[in-house]
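Listing of data.cif; format and content: mmCIF, C-alpha atoms.
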```
data_data
#
loop_
_atom_site.label_atom_id
_atom_site.label_comp_id
_atom_site.auth_asym_id
_atom_site.auth_seq_id
_atom_site.Cartn_x
_atom_site.Cartn_y
_atom_site.Cartn_z
CA MET A 1 0.00 0.00 0.00
CA ALA A 2 1.19 3.51 -0.84
CA VAL A 3 1.91 5.81 2.11
CA PHE A 4 1.30 9.52 2.73
CA VAL A 5 4.37 11.13 4.35
CA ARG A 6 4.54 14.59 5.88
CA VAL A 7 7.03 16.39 8.11
CA SER A 8 5.59 18.92 10.54
CA GLY A 9 7.47 21.30 12.83
CA PRO A 10 6.78 21.98 16.53
CA PRO A 11 3.42 23.69 17.24
CA ASN A 12 3.41 27.43 16.33
CA SER A 13 7.07 27.48 15.36
CA ASN A 14 9.46 26.69 12.55
CA PHE A 15 11.38 23.41 11.92
CA LEU A 16 14.57 25.31 12.58
CA VAL A 17 15.32 26.01 16.23
CA GLY A 18 18.34 28.11 17.23
CA TYR A 19 20.62 30.13 14.99
CA PRO A 20 22.97 28.35 12.54
CA GLY A 21 26.50 29.72 12.89
CA ILE A 22 26.06 30.50 16.61
CA SER A 23 27.08 27.45 18.62
CA ALA A 24 25.57 28.60 21.95
CA THR A 25 22.06 28.29 20.44
CA LEU A 26 22.54 24.58 19.49
CA PRO A 27 21.01 25.03 16.00
CA ARG A 28 18.76 22.07 15.19
CA VAL A 29 15.81 20.91 13.12
CA GLU A 30 12.90 19.62 15.22
CA GLY A 31 9.63 18.07 14.19
CA LYS A 32 7.90 14.79 13.54
CA VAL A 33 7.47 12.51 10.56
CA GLU A 34 3.79 11.65 10.05
CA ILE A 35 2.93 8.50 8.09
CA ARG A 36 -0.64 7.64 7.07
CA PRO A 37 -2.29 5.41 4.44
CA LEU A 38 -2.44 7.26 1.11
CA THR A 39 -5.45 5.46 -0.37
CA GLY A 40 -8.28 3.84 1.52
CA VAL A 41 -8.28 5.90 4.70
CA THR A 42 -8.21 2.90 7.01
CA SER A 43 -6.14 0.38 5.02
CA PRO A 44 -3.01 -0.54 7.00
CA VAL A 45 0.39 0.00 5.37
CA ALA A 46 3.46 -2.22 5.67
CA ILE A 47 6.46 -0.32 7.08
CA SER A 48 9.92 -1.89 7.48
CA LEU A 49 12.12 1.12 8.21
CA VAL A 50 11.97 4.94 8.47
CA ARG A 51 15.05 7.22 8.36
CA ILE A 52 15.50 11.00 8.15
CA CYS A 53 18.41 13.28 7.31
CA LEU A 54 19.08 16.91 6.43
CA GLN A 55 20.63 17.04 2.98
CA ARG A 56 22.49 19.93 1.37
CA ARG A 57 22.51 20.23 -2.40
CA GLU A 58 24.80 22.65 -4.14
CA THR A 59 25.00 23.42 -7.86
CA ILE A 60 27.02 25.81 -10.02
CA HIS A 61 26.63 26.80 -13.67
CA PRO A 62 28.82 29.89 -14.24
CA SER A 63 27.87 29.97 -17.96
CA ALA A 64 24.10 30.20 -17.25
CA GLU A 65 24.10 34.02 -17.46
CA SER A 66 24.78 34.10 -21.19
CA LEU A 67 22.58 32.25 -23.68
CA THR A 68 25.48 31.29 -25.97
CA LYS A 69 27.75 30.14 -23.14
CA LYS A 70 24.88 28.24 -21.53
CA HIS A 71 24.97 25.73 -24.39
CA LEU A 72 28.69 25.85 -25.17
CA GLY A 73 30.20 26.40 -21.71
CA THR A 74 30.80 23.89 -18.96
CA PRO A 75 27.64 22.02 -17.86
CA ARG A 76 26.00 22.42 -14.45
CA ARG A 77 27.93 20.76 -11.62
CA ASP A 78 26.35 19.59 -8.41
CA THR A 79 27.19 17.98 -5.11
CA THR A 80 24.99 16.45 -2.37
CA ASP A 81 26.00 16.00 1.29
CA VAL A 82 24.29 14.83 4.44
CA VAL A 83 24.48 17.57 7.10
CA GLY A 84 25.40 16.06 10.45
CA LYS A 85 24.03 12.52 10.89
CA GLU A 86 21.16 10.46 9.48
CA LEU A 87 18.67 9.26 12.12
CA LEU A 88 16.93 5.90 12.24
CA LEU A 89 13.38 6.60 13.46
CA PHE A 90 11.80 3.15 13.13
CA ARG A 91 12.81 -0.41 12.30
CA CYS A 92 10.45 -3.39 12.46
CA PRO A 93 11.35 -6.19 14.91
CA ALA A 94 14.04 -8.69 13.84
CA GLY A 95 12.77 -11.67 11.89
CA ARG A 96 9.83 -9.75 10.35
CA GLU A 97 9.83 -8.10 6.95
CA SER A 98 7.47 -5.29 7.94
CA GLU A 99 4.98 -4.01 10.49
CA SER A 100 1.33 -3.43 9.54
CA VAL A 101 0.56 0.13 10.64
CA VAL A 102 -2.39 2.53 10.37
CA LEU A 103 -0.73 5.62 11.87
CA MET A 104 2.81 6.72 12.76
CA ASP A 105 4.10 9.94 14.36
CA LEU A 106 7.87 9.80 14.81
CA PRO A 107 9.45 12.82 16.57
CA PHE A 108 13.04 13.72 15.66
CA VAL A 109 15.74 16.31 16.31
CA LEU A 110 18.66 16.75 13.89
CA PHE A 111 21.54 18.85 15.20
CA ILE A 112 23.18 21.15 12.66
CA PRO A 113 26.99 21.16 12.98
CA PHE A 114 28.30 24.35 14.57
CA GLY A 115 32.06 23.73 14.72
CA ARG A 116 34.67 24.02 12.02
CA GLY A 117 35.92 20.50 12.83
CA GLY A 118 38.95 20.69 10.55
CA GLU A 119 38.39 19.39 7.05
CA GLU A 120 35.68 16.91 8.04
CA SER A 121 32.82 18.12 5.87
CA ASN A 122 30.10 16.73 8.19
CA ARG A 123 31.44 18.88 11.07
CA ARG A 124 31.59 22.21 9.19
CA ILE A 125 28.94 24.87 9.69
CA PRO A 126 26.69 24.56 6.64
CA PRO A 127 26.48 27.67 4.40
CA ALA A 128 23.21 29.61 4.08
CA SER A 129 20.57 28.77 1.47
CA LEU A 130 21.09 30.99 -1.57
CA GLN A 131 20.12 31.12 -5.23
CA LEU A 132 21.99 33.57 -7.46
CA PRO A 133 20.31 35.17 -10.51
CA SER A 134 20.10 32.78 -13.52
CA ARG A 135 20.92 29.97 -11.02
CA THR A 136 24.66 30.43 -11.63
CA ALA A 137 25.12 29.06 -8.09
CA GLU A 138 22.74 27.74 -5.47
CA THR A 139 22.71 25.98 -2.12
CA PHE A 140 19.54 24.46 -0.74
CA TYR A 141 18.54 22.08 2.03
CA GLU A 142 15.93 19.35 2.23
CA LEU A 143 14.72 17.03 4.95
CA VAL A 144 14.82 13.64 3.25
CA VAL A 145 12.62 10.90 4.73
CA THR A 146 13.40 7.34 3.57
CA VAL A 147 10.52 4.88 3.97
CA GLN A 148 11.17 1.21 3.28
CA GLN A 149 8.19 -1.09 2.67
CA GLY A 150 9.43 -4.65 2.34
CA GLN A 151 11.93 -4.58 -0.53
CA GLU A 152 10.77 -1.20 -1.88
CA GLN A 153 12.41 2.02 -0.70
CA LYS A 154 11.09 5.53 -1.38
CA LYS A 155 12.46 8.96 -0.51
CA TYR A 156 10.35 12.05 0.28
CA ALA A 157 12.02 15.50 0.31
CA PHE A 158 10.83 18.67 2.12
CA PRO A 159 12.68 21.99 1.56
CA VAL A 160 14.11 23.77 4.65
CA PRO A 161 15.54 27.28 4.15
CA ILE A 162 18.63 27.85 6.32
CA GLN A 163 20.19 31.21 7.17
CA ARG A 164 23.53 31.94 8.88
CA TYR A 165 23.81 34.40 11.75
CA ASP A 166 27.57 34.71 12.32
CA THR A 167 27.94 37.74 10.01
CA LEU A 168 25.48 40.05 11.85
CA SER A 169 26.82 43.60 11.68
CA THR A 170 25.96 44.13 15.37
CA PHE A 171 28.59 41.64 16.62
CA GLY A 172 31.50 43.31 18.42
CA MET A 173 34.19 41.75 16.22
CA TYR A 174 32.87 43.68 13.17
CA ASN A 175 32.74 46.98 15.04
CA ARG A 176 36.47 47.26 15.72
CA PRO A 177 38.15 49.69 13.29
CA GLU A 178 40.20 48.14 10.49
CA SER A 179 42.99 50.08 8.81
CA ASN A 180 45.20 49.55 5.78
CA ASP A 181 47.59 51.51 3.58
CA GLN A 182 49.09 51.26 0.12
CA THR A 183 51.80 53.04 -1.87
CA VAL A 184 52.72 52.52 -5.53
CA ASP A 185 55.83 54.61 -6.25
CA ASN A 186 56.87 55.63 -2.70
CA LEU A 187 55.77 59.18 -3.46
CA VAL A 188 52.29 59.13 -1.93
CA THR A 189 50.70 56.77 0.61
CA LEU A 190 46.96 56.07 0.67
CA ALA A 191 45.78 55.05 4.16
CA ILE A 192 42.22 54.11 5.12
CA SER A 193 40.33 53.33 8.30
CA LEU A 194 36.94 51.59 8.49
CA PRO A 195 34.97 52.11 11.72
CA ARG A 196 33.09 48.84 11.08
CA TRP A 197 33.31 46.18 8.40
CA SER A 198 30.07 44.19 8.20
CA TYR A 199 27.22 45.71 6.17
CA GLY A 200 23.71 44.81 5.07
CA PRO A 201 21.19 46.25 2.56
CA LEU A 202 20.91 50.10 2.73
CA ASP A 203 23.54 50.31 5.52
CA PRO A 204 25.84 53.35 5.22
CA VAL A 205 29.44 52.42 4.35
CA SER A 206 31.81 55.09 5.66
CA VAL A 207 35.59 55.19 5.19
CA TYR A 208 38.19 57.61 6.54
CA ILE A 209 40.87 58.37 3.90
CA LYS A 210 44.30 59.98 4.22
CA LEU A 211 46.73 60.76 1.39
CA SER A 212 50.16 61.66 2.70
CA PRO A 213 53.36 62.64 0.87
CA ASN A 214 56.66 60.86 1.45
CA PRO A 215 58.64 63.34 3.65
CA ASP A 216 61.94 62.23 2.03
CA TRP A 217 60.70 63.28 -1.42
CA LEU A 218 58.66 66.29 -0.40
CA SER A 219 59.56 68.61 -3.31
CA LYS A 220 58.41 65.94 -5.82
CA ALA A 221 55.35 64.94 -3.77
CA LYS A 222 54.11 68.55 -3.49
CA LYS A 223 53.69 68.63 -7.29
CA VAL A 224 51.22 65.74 -7.14
CA MET A 225 47.66 66.72 -8.02
CA ILE A 226 44.74 64.82 -6.44
CA GLN A 227 42.16 64.68 -9.24
CA LYS A 228 39.48 62.50 -7.63
CA ILE A 229 38.94 59.64 -5.19
CA THR A 230 36.51 56.84 -6.01
CA ILE A 231 35.13 54.29 -3.60
CA GLY A 232 33.25 51.21 -4.71
CA ILE A 233 32.15 47.75 -3.63
CA GLU A 234 33.03 44.64 -5.60
CA GLU A 235 31.47 41.21 -5.35
CA GLU A 236 33.91 38.43 -6.18
CA ILE A 237 32.47 34.96 -6.85
CA THR A 238 34.94 32.07 -7.12
CA TYR A 239 33.40 29.02 -8.77
CA ASN A 240 34.95 25.67 -7.88
CA PRO A 241 37.39 27.21 -5.32
CA GLU A 242 38.79 23.86 -4.13
CA GLY A 243 38.86 22.30 -7.61
CA ASP A 244 41.50 22.13 -10.31
CA GLU A 245 40.30 25.09 -12.42
CA PRO A 246 38.75 27.77 -10.20
CA THR A 247 37.15 30.68 -12.10
CA LYS A 248 36.53 34.15 -10.68
CA LYS A 249 33.80 36.62 -11.60
CA VAL A 250 34.09 40.18 -10.25
CA THR A 251 31.13 42.60 -10.35
CA ARG A 252 31.15 46.25 -9.26
CA ILE A 253 27.90 46.64 -7.29
CA ALA A 254 28.26 50.24 -6.04
CA LYS A 255 30.46 53.26 -6.81
CA HIS A 256 30.84 56.86 -5.64
CA THR A 257 33.28 59.46 -7.00
CA SER A 258 34.48 62.56 -5.17
CA ASN A 259 36.14 65.19 -7.42
CA ILE A 260 38.92 67.03 -5.58
CA GLY A 261 41.23 68.83 -8.05
CA MET A 262 43.86 70.15 -5.63
CA LYS A 263 47.57 69.78 -4.99
CA LEU A 264 48.66 67.39 -2.25
CA PRO A 265 49.28 69.51 0.88
CA GLU A 266 52.50 69.01 2.85
CA ALA A 267 50.50 67.85 5.87
CA GLY A 268 48.55 65.38 3.71
CA TYR A 269 44.92 65.29 2.57
CA PHE A 270 42.17 63.92 4.82
CA THR A 271 38.57 63.13 3.92
CA ASN A 272 35.63 60.97 4.90
CA LEU A 273 33.79 59.25 2.04
CA GLY A 274 30.76 57.02 2.05
CA LEU A 275 28.09 55.27 0.06
CA VAL A 276 24.98 53.24 0.75
CA PHE A 277 25.16 49.46 0.38
CA PRO A 278 22.78 48.52 -2.48
CA SER A 279 19.51 46.75 -1.71
CA LYS A 280 17.30 44.49 -3.81
CA GLU A 281 13.64 45.49 -4.05
CA LEU A 282 11.44 42.64 -2.80
CA ARG A 283 8.15 44.34 -3.73
CA ASP A 284 6.62 44.57 -7.20
CA PRO A 285 5.40 47.93 -8.67
CA GLU A 286 2.10 47.51 -6.74
CA GLY A 287 4.00 47.24 -3.47
CA ILE A 288 3.27 43.54 -3.02
CA ILE A 289 6.02 41.20 -1.85
CA ARG A 290 6.34 38.40 -4.39
CA ARG A 291 5.87 34.88 -3.18
CA GLY A 292 9.22 33.30 -2.31
CA LYS A 293 10.47 29.82 -3.12
CA GLY A 294 10.18 27.19 -0.40
CA ALA A 295 13.89 26.37 -0.30
CA PHE A 296 15.20 29.95 -0.32
CA PRO A 297 14.65 32.74 2.23
CA MET A 298 13.77 36.21 0.88
CA TYR A 299 16.91 38.33 0.95
CA SER A 300 17.16 42.10 0.30
CA VAL A 301 20.57 41.59 -1.32
CA ASN A 302 21.54 39.66 -4.45
CA SER A 303 24.28 37.83 -2.55
CA PHE A 304 26.30 37.97 0.67
CA THR A 305 29.53 36.66 2.17
CA THR A 306 29.40 32.85 2.08
CA THR A 307 31.57 29.82 1.38
CA GLY A 308 30.26 26.50 0.08
CA THR A 309 31.97 23.53 -1.56
CA LEU A 310 31.46 24.61 -5.18
CA TYR A 311 31.54 28.40 -4.81
CA LYS A 312 32.50 31.21 -2.46
CA ILE A 313 31.40 34.85 -2.44
CA GLU A 314 33.61 37.61 -1.07
CA PHE A 315 33.28 41.40 -1.01
CA PHE A 316 35.87 44.16 -1.21
CA LEU A 317 35.77 47.89 -0.65
CA ILE A 318 37.84 49.46 -3.46
CA ILE A 319 39.37 52.88 -2.79
CA LYS A 320 41.22 54.50 -5.70
CA ALA A 321 43.12 57.81 -5.65
CA HIS A 322 43.42 59.28 -9.17
CA LEU A 323 46.61 61.38 -9.21
CA SER A 324 48.65 63.32 -11.76
CA SER A 325 52.49 63.51 -11.51
CA ALA A 326 52.26 60.19 -9.60
CA ARG A 327 50.75 56.80 -10.27
CA ASP A 328 47.17 56.09 -9.22
CA ILE A 329 46.83 54.11 -5.99
CA THR A 330 44.20 51.38 -5.54
CA LEU A 331 43.47 49.66 -2.23
CA ARG A 332 41.24 46.55 -1.89
CA GLN A 333 39.89 46.06 1.60
CA PRO A 334 37.91 42.86 2.39
CA ILE A 335 34.51 43.48 4.03
CA VAL A 336 31.69 41.20 5.20
CA VAL A 337 28.20 41.43 3.72
CA CYS A 338 25.28 40.25 5.83
CA PRO A 339 21.81 39.58 4.30
CA MET A 340 20.17 41.73 7.03
CA ASP A 341 20.46 45.46 7.65
CA GLN A 342 21.70 46.87 10.95
CA GLN A 343 18.21 47.37 12.39
CA ASP A 344 17.24 43.74 11.71
CA CYS A 345 20.57 42.58 13.17
CA LYS A 346 19.89 44.57 16.37
CA GLU A 347 16.44 43.00 16.67
CA GLU A 348 17.87 39.49 16.31
CA MET A 349 20.37 40.01 19.17
CA ASP A 350 17.79 39.59 21.98
CA ALA A 351 16.27 36.55 20.28
CA ILE A 352 19.73 34.96 19.91
CA GLU A 353 20.40 35.56 23.61
CA GLN A 354 17.09 33.92 24.52
CA ALA A 355 17.78 30.97 22.16
CA ALA A 356 21.15 30.45 23.89
CA LYS A 357 19.42 30.37 27.31
CA ASP A 358 16.88 27.85 25.99
CA ALA A 359 19.65 25.73 24.45
CA SER A 360 21.53 25.52 27.77
CA HIS A 361 18.80 23.10 28.97
CA VAL A 362 19.17 20.80 25.94
CA ASP A 363 21.50 17.80 26.05
CA PRO A 364 22.71 17.21 22.48
CA HIS A 365 23.54 13.57 23.35
CA ASN A 366 20.08 12.91 24.76
CA PRO A 367 17.50 15.46 23.56
CA MET A 368 14.31 14.64 25.48
CA LEU A 369 11.97 13.83 22.59
CA PRO A 370 8.25 13.14 22.91
CA ALA A 371 7.37 9.45 22.61
CA CYS A 372 6.62 7.96 19.18
CA THR A 373 2.99 7.21 18.36
CA ILE A 374 2.69 3.96 16.40
CA ILE A 375 -0.76 2.41 15.96
CA ARG A 376 -0.65 -1.07 14.45
CA ALA A 377 -3.47 -2.59 12.47
CA ASN A 378 -4.27 -5.18 15.16
CA ASP A 379 -4.23 -2.70 18.10
CA LYS A 380 -7.49 -2.26 20.00
CA ASP A 381 -9.32 0.86 18.75
CA ALA A 382 -6.82 1.24 15.87
CA LEU A 383 -9.59 2.65 13.66
CA LYS A 384 -10.49 5.25 16.29
CA ALA A 385 -7.03 6.82 15.96
CA LEU A 386 -7.93 7.68 12.37
CA GLY A 387 -11.36 8.99 13.34
CA TRP A 388 -13.36 5.86 12.39
CA THR A 389 -15.19 3.15 14.28
CA MET A 390 -17.26 0.00 13.65
CA VAL A 391 -21.03 0.35 14.03
CA GLY A 392 -23.11 -2.76 13.33
CA GLY A 393 -20.35 -4.32 11.25
CA GLN A 394 -19.88 -1.14 9.17
CA ARG A 395 -17.14 1.50 9.27
CA LYS A 396 -18.45 4.88 10.31
CA MET A 397 -16.72 8.22 10.86
CA VAL A 398 -16.50 9.28 14.50
CA ILE A 399 -18.29 12.61 15.03
CA GLU A 400 -17.34 13.98 18.42
#
```
Represent the supplied structure as structure tokens.
Amino acid sequence: MAVFVRVSGPPNSNFLVGYPGISATLPRVEGKVEIRPLTGVTSPVAISLVRICLQRRETIHPSAESLTKKHLGTPRRDTTDVVGKELLLFRCPAGRESESVVLMDLPFVLFIPFGRGGEESNRRIPPASLQLPSRTAETFYELVVTVQQGQEQKKYAFPVPIQRYDTLSTFGMYNRPESNDQTVDNLVTLAISLPRWSYGPLDPVSVYIKLSPNPDWLSKAKKVMIQKITIGIEEEITYNPEGDEPTKKVTRIAKHTSNIGMKLPEAGYFTNLGLVFPSKELRDPEGIIRRGKGAFPMYSVNSFTTTGTLYKIEFFLIIKAHLSSARDITLRQPIVVCPMDQQDCKEEMDAIEQAAKDASHVDPHNPMLPACTIIRANDKDALKALGWTMVGGQRKMVIE
């Protein structure tokens, strides 16, 4: 008999409990696998074994953006991994091929890895769900339930969107100033300081800039003209970073130019420049948010800082001083891009703290799960569990 399989989360909450990327919250997927007869409401089904796992699927197709390359370029590549461990939820007693069942509710908890764990892929923190435009790269997760009935085995997949919370711009580590400097011909030095270095959609990006002459070559340096300073943000996607032929694609996603047109003063030139991190509009022209896809969260950015197996996305702040009588100086400063803006990050902080308190009562080696509910065909009142009963030798629906 065919079976109906469904995975449901805890009452009034999501499958995903805790915050992936933050170990103190013990990120995990909780719920129960529900198995019922598919046809003939009360016909028992034969079940031999039930397993569940969280599976990550990743694909890349760098050529998908261009129609000609799509057919001539390299084909789509994909990889599938089990995240953490697979759980055995039910196995029929030894010596029997299957158990005749009318209803099954099997609670489970799957812990999501939260430690780097060296190169062991099943210990690494899984990257966030993401689908790039034209599906040039994507990562998505599914809960895969395997149901074995005698010799036949079937798999049922349910999408689970997963976000990462270790890049929130409100974390202290991103709010310590970062500085860097660069010189090309030892005549002028470009130095920058960033007050913070994690940004989300519509967050202001501010950078303190100093151009200073080399005191040993002052007479030459004083002739240098500062024409303009540009600041921009570049997204760098590396496809197949761990493979034999990695390819890089760099896109300028924001740019601001400040025209200066003055000679370099002896004391140096100081300025503060900024731009707004670009955001993706989630609403259509009528102001309605489009319906998202089950496997992918709705993000207000096209992409963010992330590293998977088949691709990695990095961001750089590019500061360029355009000079005359000296060579132009370009500085590339790595930054972190978070899918949430600063206000959303602030609002998540309290919830993360609460999730960490809740997680302190959970034993990952023995999570106290509710008992399984298994009603076999020959149990007393088995029909009642499905809302039926026998009246005068006929099956009737129970109306409370």
* Asked: Do you know which residues the PyMOL selection byres ((chain A and resi 300) around 8) returns on this file, as a PyMOL selection string?
  -> chain A and resi 201+279-282+298-299+301-302+339-340
Selection to disk with C-alpha atoms, as an mmCIF file, in the frame of the given file:
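Done, and the output landed in selection-v5.cif:
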```cif
data_model
loop_
_atom_site.group_PDB
_atom_site.id
_atom_site.type_symbol
_atom_site.label_atom_id
_atom_site.label_comp_id
_atom_site.auth_asym_id
_atom_site.auth_seq_id
_atom_site.Cartn_x
_atom_site.Cartn_y
_atom_site.Cartn_z
ATOM 1 C CA PRO A 201 21.190 46.250 2.560
ATOM 2 C CA SER A 279 19.510 46.750 -1.710
ATOM 3 C CA LYS A 280 17.300 44.490 -3.810
ATOM 4 C CA GLU A 281 13.640 45.490 -4.050
ATOM 5 C CA LEU A 282 11.440 42.640 -2.800
ATOM 6 C CA MET A 298 13.770 36.210 0.880
ATOM 7 C CA TYR A 299 16.910 38.330 0.950
ATOM 8 C CA VAL A 301 20.570 41.590 -1.320
ATOM 9 C CA ASN A 302 21.540 39.660 -4.450
ATOM 10 C CA PRO A 339 21.810 39.580 4.300
ATOM 11 C CA MET A 340 20.170 41.730 7.030
#
```
* Asked: Skipping near chain neighbours, those fewer than 6 positions away, what residues fall within 12 Å of segment 239-250 of chain A using all atoms listed in the file, listed as a VMD selection string?
  -> chain A and resid 58 to 63 65 74 76 to 79 136 to 138 233 307 to 316
* To do: Identify, on the basis of all atoms listed in the file, every residue whose closest approach to segment 139-153 of chain A does not exceed 8 Å; exclude the query and any residue fewer than 4 positions from it along the same chain; express the result as a ChimeraX atom specification.
  => /A:33,46-59,97-98,127-131,157-162,295-296,308
Those selected residues, please, written with C-alpha atoms and delivered as a short mmCIF file (atom, residue, chain, number, x, y, z; two decimals), in the coordinates of the input.
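Listing of out37.cif after writing:
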```cif
data_model
loop_
_atom_site.label_atom_id
_atom_site.label_comp_id
_atom_site.auth_asym_id
_atom_site.auth_seq_id
_atom_site.Cartn_x
_atom_site.Cartn_y
_atom_site.Cartn_z
CA VAL A 33 7.47 12.51 10.56
CA ALA A 46 3.46 -2.22 5.67
CA ILE A 47 6.46 -0.32 7.08
CA SER A 48 9.92 -1.89 7.48
CA LEU A 49 12.12 1.12 8.21
CA VAL A 50 11.97 4.94 8.47
CA ARG A 51 15.05 7.22 8.36
CA ILE A 52 15.50 11.00 8.15
CA CYS A 53 18.41 13.28 7.31
CA LEU A 54 19.08 16.91 6.43
CA GLN A 55 20.63 17.04 2.98
CA ARG A 56 22.49 19.93 1.37
CA ARG A 57 22.51 20.23 -2.40
CA GLU A 58 24.80 22.65 -4.14
CA THR A 59 25.00 23.42 -7.86
CA GLU A 97 9.83 -8.10 6.95
CA SER A 98 7.47 -5.29 7.94
CA PRO A 127 26.48 27.67 4.40
CA ALA A 128 23.21 29.61 4.08
CA SER A 129 20.57 28.77 1.47
CA LEU A 130 21.09 30.99 -1.57
CA GLN A 131 20.12 31.12 -5.23
CA ALA A 157 12.02 15.50 0.31
CA PHE A 158 10.83 18.67 2.12
CA PRO A 159 12.68 21.99 1.56
CA VAL A 160 14.11 23.77 4.65
CA PRO A 161 15.54 27.28 4.15
CA ILE A 162 18.63 27.85 6.32
CA ALA A 295 13.89 26.37 -0.30
CA PHE A 296 15.20 29.95 -0.32
CA GLY A 308 30.26 26.50 0.08
#
```
* Asked: segment 343-351 of chain A: which residues within 9 Å, counting only C-alpha atoms, same-chain residues fewer than 4 positions away excluded, as a ChimeraX atom specification?
  -> /A:165,168-171,200,355-356
Please dump the current selection as a PDB file, keeping the file's coordinate frame; keep C-alpha atoms.
```
ATOM      1  CA  TYR A 165      23.810  34.400  11.750  1.00  0.00           C
ATOM      2  CA  LEU A 168      25.480  40.050  11.850  1.00  0.00           C
ATOM      3  CA  SER A 169      26.820  43.600  11.680  1.00  0.00           C
ATOM      4  CA  THR A 170      25.960  44.130  15.370  1.00  0.00           C
ATOM      5  CA  PHE A 171      28.590  41.640  16.620  1.00  0.00           C
ATOM      6  CA  GLY A 200      23.710  44.810   5.070  1.00  0.00           C
ATOM      7  CA  ALA A 355      17.780  30.970  22.160  1.00  0.00           C
ATOM      8  CA  ALA A 356      21.150  30.450  23.890  1.00  0.00           C
TER       9      ALA A 356
END
```
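Among A:Val45, A:Ile352, A:Ile329, A:Ala221, the residue with the shortest atom-to-atom distance to Val17 of chain A, counting only C-alpha atoms, is A:Ile352.
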* **d(atom CA of Ala191 of chain A, atom CA of Ser212 of chain A) in Å** => 8.1 Å
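Once the PyMOL selection byres ((chain A and resi 181) around 10) is applied to this file, the selection holds Ser179, Asn180, Gln182, Thr183, Thr189, Leu190, Ala191, Ile192, Ser193, Ile209, Lys210, Leu211, Ile329, Thr330, Leu331, Arg332 and Gln333 of chain A.
Pairwise distance (atom CA of Gln163 of chain A, atom CA of Ala24 of chain A) equals 15.9 Å.
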Output requested as a compact mmCIF listing (two decimals), keeping the file's coordinate frame - segment 190-202 of chain A, filled out with N, CA and C atoms.
```
# COMPACT_ATOMS: atom_id res chain seq x y z
N LEU A 190 48.41 56.02 0.43
CA LEU A 190 46.96 56.07 0.67
C LEU A 190 46.68 55.20 1.89
N ALA A 191 46.12 55.80 2.94
CA ALA A 191 45.78 55.05 4.16
C ALA A 191 44.28 55.16 4.40
N ILE A 192 43.67 54.08 4.84
CA ILE A 192 42.22 54.11 5.12
C ILE A 192 41.94 53.53 6.50
N SER A 193 40.80 53.92 7.06
CA SER A 193 40.33 53.33 8.30
C SER A 193 38.83 53.12 8.18
N LEU A 194 38.38 51.92 8.52
CA LEU A 194 36.94 51.59 8.49
C LEU A 194 36.46 51.45 9.93
N PRO A 195 35.45 52.25 10.34
CA PRO A 195 34.97 52.11 11.72
C PRO A 195 34.31 50.75 11.97
N ARG A 196 33.64 50.20 10.96
CA ARG A 196 33.09 48.84 11.08
C ARG A 196 33.15 48.18 9.72
N TRP A 197 33.06 46.84 9.68
CA TRP A 197 33.31 46.18 8.40
C TRP A 197 32.36 45.03 8.07
N SER A 198 31.14 45.09 8.65
CA SER A 198 30.07 44.19 8.20
C SER A 198 28.87 45.06 7.85
N TYR A 199 28.30 44.85 6.65
CA TYR A 199 27.22 45.71 6.17
C TYR A 199 26.09 44.88 5.59
N GLY A 200 24.88 45.45 5.67
CA GLY A 200 23.71 44.81 5.07
C GLY A 200 23.04 45.77 4.11
N PRO A 201 21.87 45.40 3.54
CA PRO A 201 21.19 46.25 2.56
C PRO A 201 20.86 47.63 3.14
N LEU A 202 21.17 48.70 2.38
CA LEU A 202 20.91 50.10 2.73
C LEU A 202 21.70 50.59 3.95
```
